[in-house]
Amino acid sequence: MDNEIGKTKILDSPLKNSSILNYNKTIESKSLAVPLILTPLVDAFAILVIYLLVNSTATQHEVKIDDTISLPTASSTKNIESGVIVKIKNGHFVIQEKIVSATNLTNALRAIMAKQDPQKVPYLIVEADKESEFEKLSPIMLASSNVGFEKIKLAVVQGEVK
Amino acid sequence: MSDKQSFELDLMPVISLLAVIISFLLLTSVWIHISSLEISQALGTDSDRKVEPTLSASFEGSNIKFEVKDSTVISKGKRSLSINDWKEIESYSNYLVKKDPRIKIAMILPAGASKYQDIVRLIDVFKARGIIDVGIAPL
């Protein structure tokens with residue numbers, strides 16, 4: 001008897017109808033899970049993927065640049081094309097991955113030039129650290145003029161100089 | 001009686017795939033854009049060349065001395081100037097190009113101790129103002 005009274009009291013509680021917990025399944029069942037709209041998320045992801053894909057293909061260079069050299073910055077630049085690369089690495093001149101002395105620079109460039117088509121003189125690409133002094137770069141300018149490289153391209157990082 | 005068939009596309013694998021692609025692309029993308037500044041080196045004298053105004057810039061210690069040759073438009077007092085501030089260099093270059101737009105050739109004469117970044121910056125200043133034929137004189 002006590003149990004029945006107690007049961008009735010619980011079931012007839014004024015909070016019974018406002019509760020989301022359904023005791024006797026008379027009220028229509030409601031799901032607690034809110035459906036997440038994933039379509040905008042997929043759209044945003046797709047746009048990001050397209051942007052990154054385009055960006056990664058556009059920034060591929062024809063010339064392999066040495067990561068260890070800290071290049072200077074410039075804004076009025078052109079795309080880097082293939083050519084003969086002369087690097088100044090740890091104070092040494094490097095042409096086609098071979099260390100060349102300052103005195104042999106002209107001969108080394110002349111040997112490369114001899115293999116080229118005379119109608120298509122390649123560019124000479126200079127890769128040097130931004131902190132280098134011109135004393136180190138001058139032999140390249142001199143050798144290039146002696147050999148006949150009219151156009152020299154200085155490899156730079158594109159950006160505004162601060 | 002209509003027989004409605006409703007189905008939902010499971011987007012979770014698509015999102016997972018896209019997230020993996022984004023992570024991969026972010027890690028492999030090149031964010032530093034390498035390009036070049038072109039300079040023209042003199043290979044010999046050209047006797048047939050027309051007389052054109054030329055600008056020379058020589059590094060003298062911390063200063064850069066500018067000199068304009070073969071220009072009748074720029075006043076004598078402004079043809080030669082020694083500057084050590086980049087803002088002033090830019091405004092002086094602006095003045096020269098505005099006053100005599102025929103200036104298309106510049107020769108840079110660096111000192112042995114001149115920093116490569118400064119030389120590149122000067123070439124950049126000239127190129128940005130339309131002085132396209134810039135050369136560097138060896139020591």
# chains A, B, ... in the order shown; residues from 1 in each chain; ligands from 1
$ interface_residues --of "chain B" --to "chain A" --cutoff "9 Å" --atoms "only C-alpha atoms" --output "PyMOL selection string"
chain B and resi 11-12+14-15+18-19+21-22+25-26+28-44+110-121+123-125+127-128+136-139
$ residues_around --residues "region 59-75 of chain B" --least-positions-apart "3" --cutoff "10 Å" --atoms "only C-alpha atoms" --output "ChimeraX atom specification"
/B:51-56,78-86,89,92-93,95-103,106-115,118-119,122
$ atom_distance --atom1 "CA of Ile112 (chain A)" --atom2 "CA of Val84 (chain A)"
8.1 Å
$ select_by_dssp --residues "region 44-97 of chain A" --states "strand (DSSP E)" --output "number ranges by chain"
A: 73-74, 83-89, 92-95
$ write_last_selection --atoms "N, CA and C atoms" --output "CSV table (one decimal), in the first residue's frame"
chain,number,residue,atom,x,y,z
A,73,THR,N,66.8,40.1,-49.8
A,73,THR,CA,65.4,40.4,-50.1
A,73,THR,C,65.3,41.5,-51.2
A,74,ALA,N,64.3,41.3,-52.1
A,74,ALA,CA,64.0,42.4,-53.1
A,74,ALA,C,62.6,42.2,-53.5
A,83,GLY,N,69.8,28.2,-65.6
A,83,GLY,CA,71.0,28.8,-66.0
A,83,GLY,C,72.2,28.2,-65.3
A,84,VAL,N,73.3,28.9,-65.4
A,84,VAL,CA,74.5,28.4,-64.8
A,84,VAL,C,74.6,29.0,-63.4
A,85,ILE,N,74.6,28.1,-62.4
A,85,ILE,CA,74.6,28.6,-61.0
A,85,ILE,C,76.0,28.7,-60.4
A,86,VAL,N,76.2,29.9,-59.9
A,86,VAL,CA,77.5,30.1,-59.1
A,86,VAL,C,77.1,30.4,-57.7
A,87,LYS,N,77.6,29.6,-56.8
A,87,LYS,CA,77.2,29.9,-55.3
A,87,LYS,C,78.5,30.3,-54.6
A,88,ILE,N,78.2,31.1,-53.6
A,88,ILE,CA,79.3,31.4,-52.6
A,88,ILE,C,78.9,30.7,-51.3
A,89,LYS,N,79.6,29.6,-51.0
A,89,LYS,CA,79.2,28.8,-49.9
A,89,LYS,C,80.4,28.7,-49.0
A,92,HIS,N,83.6,29.8,-50.4
A,92,HIS,CA,84.1,29.1,-51.6
A,92,HIS,C,83.2,29.3,-52.7
A,93,PHE,N,83.7,29.4,-53.9
A,93,PHE,CA,82.9,29.5,-55.1
A,93,PHE,C,82.5,28.0,-55.5
A,94,VAL,N,81.2,27.8,-55.8
A,94,VAL,CA,80.8,26.5,-56.1
A,94,VAL,C,80.0,26.6,-57.5
A,95,ILE,N,80.5,25.8,-58.5
A,95,ILE,CA,79.9,25.8,-59.8
A,95,ILE,C,79.5,24.3,-60.1
$ select_by_dssp --residues "region 36-89 of chain B" --states "helix (DSSP H, G or I)" --output "NGL selection string"
:B and (76-79 or 86-89)
$ write_last_selection --atoms "N, CA and C atoms" --output "PDB file, in the first residue's frame"
ATOM      1  N   LYS B  76      72.571  71.306 -62.122  1.00  0.00           N
ATOM      2  CA  LYS B  76      73.939  70.929 -61.733  1.00  0.00           C
ATOM      3  C   LYS B  76      74.064  70.553 -60.256  1.00  0.00           C
ATOM      4  N   GLY B  77      73.384  71.313 -59.432  1.00  0.00           N
ATOM      5  CA  GLY B  77      73.454  71.071 -57.987  1.00  0.00           C
ATOM      6  C   GLY B  77      72.857  69.729 -57.564  1.00  0.00           C
ATOM      7  N   LYS B  78      71.962  69.193 -58.380  1.00  0.00           N
ATOM      8  CA  LYS B  78      71.283  67.930 -58.040  1.00  0.00           C
ATOM      9  C   LYS B  78      71.910  66.732 -58.757  1.00  0.00           C
ATOM     10  N   ARG B  79      72.899  66.998 -59.601  1.00  0.00           N
ATOM     11  CA  ARG B  79      73.482  65.897 -60.378  1.00  0.00           C
ATOM     12  C   ARG B  79      74.403  65.016 -59.539  1.00  0.00           C
ATOM     13  N   TRP B  86      68.281  55.298 -46.556  1.00  0.00           N
ATOM     14  CA  TRP B  86      67.544  54.634 -47.637  1.00  0.00           C
ATOM     15  C   TRP B  86      66.302  55.405 -48.075  1.00  0.00           C
ATOM     16  N   LYS B  87      65.665  56.081 -47.129  1.00  0.00           N
ATOM     17  CA  LYS B  87      64.476  56.869 -47.477  1.00  0.00           C
ATOM     18  C   LYS B  87      64.869  58.004 -48.426  1.00  0.00           C
ATOM     19  N   GLU B  88      66.021  58.636 -48.107  1.00  0.00           N
ATOM     20  CA  GLU B  88      66.507  59.734 -48.949  1.00  0.00           C
ATOM     21  C   GLU B  88      66.932  59.215 -50.321  1.00  0.00           C
ATOM     22  N   ILE B  89      67.543  58.020 -50.324  1.00  0.00           N
ATOM     23  CA  ILE B  89      67.970  57.408 -51.590  1.00  0.00           C
ATOM     24  C   ILE B  89      66.752  57.177 -52.487  1.00  0.00           C
TER      25      ILE B  89
END
$ atom_distance --atom1 "CA of Gly135 (chain B)" --atom2 "CA of Ile105 (chain B)"
8.0 Å
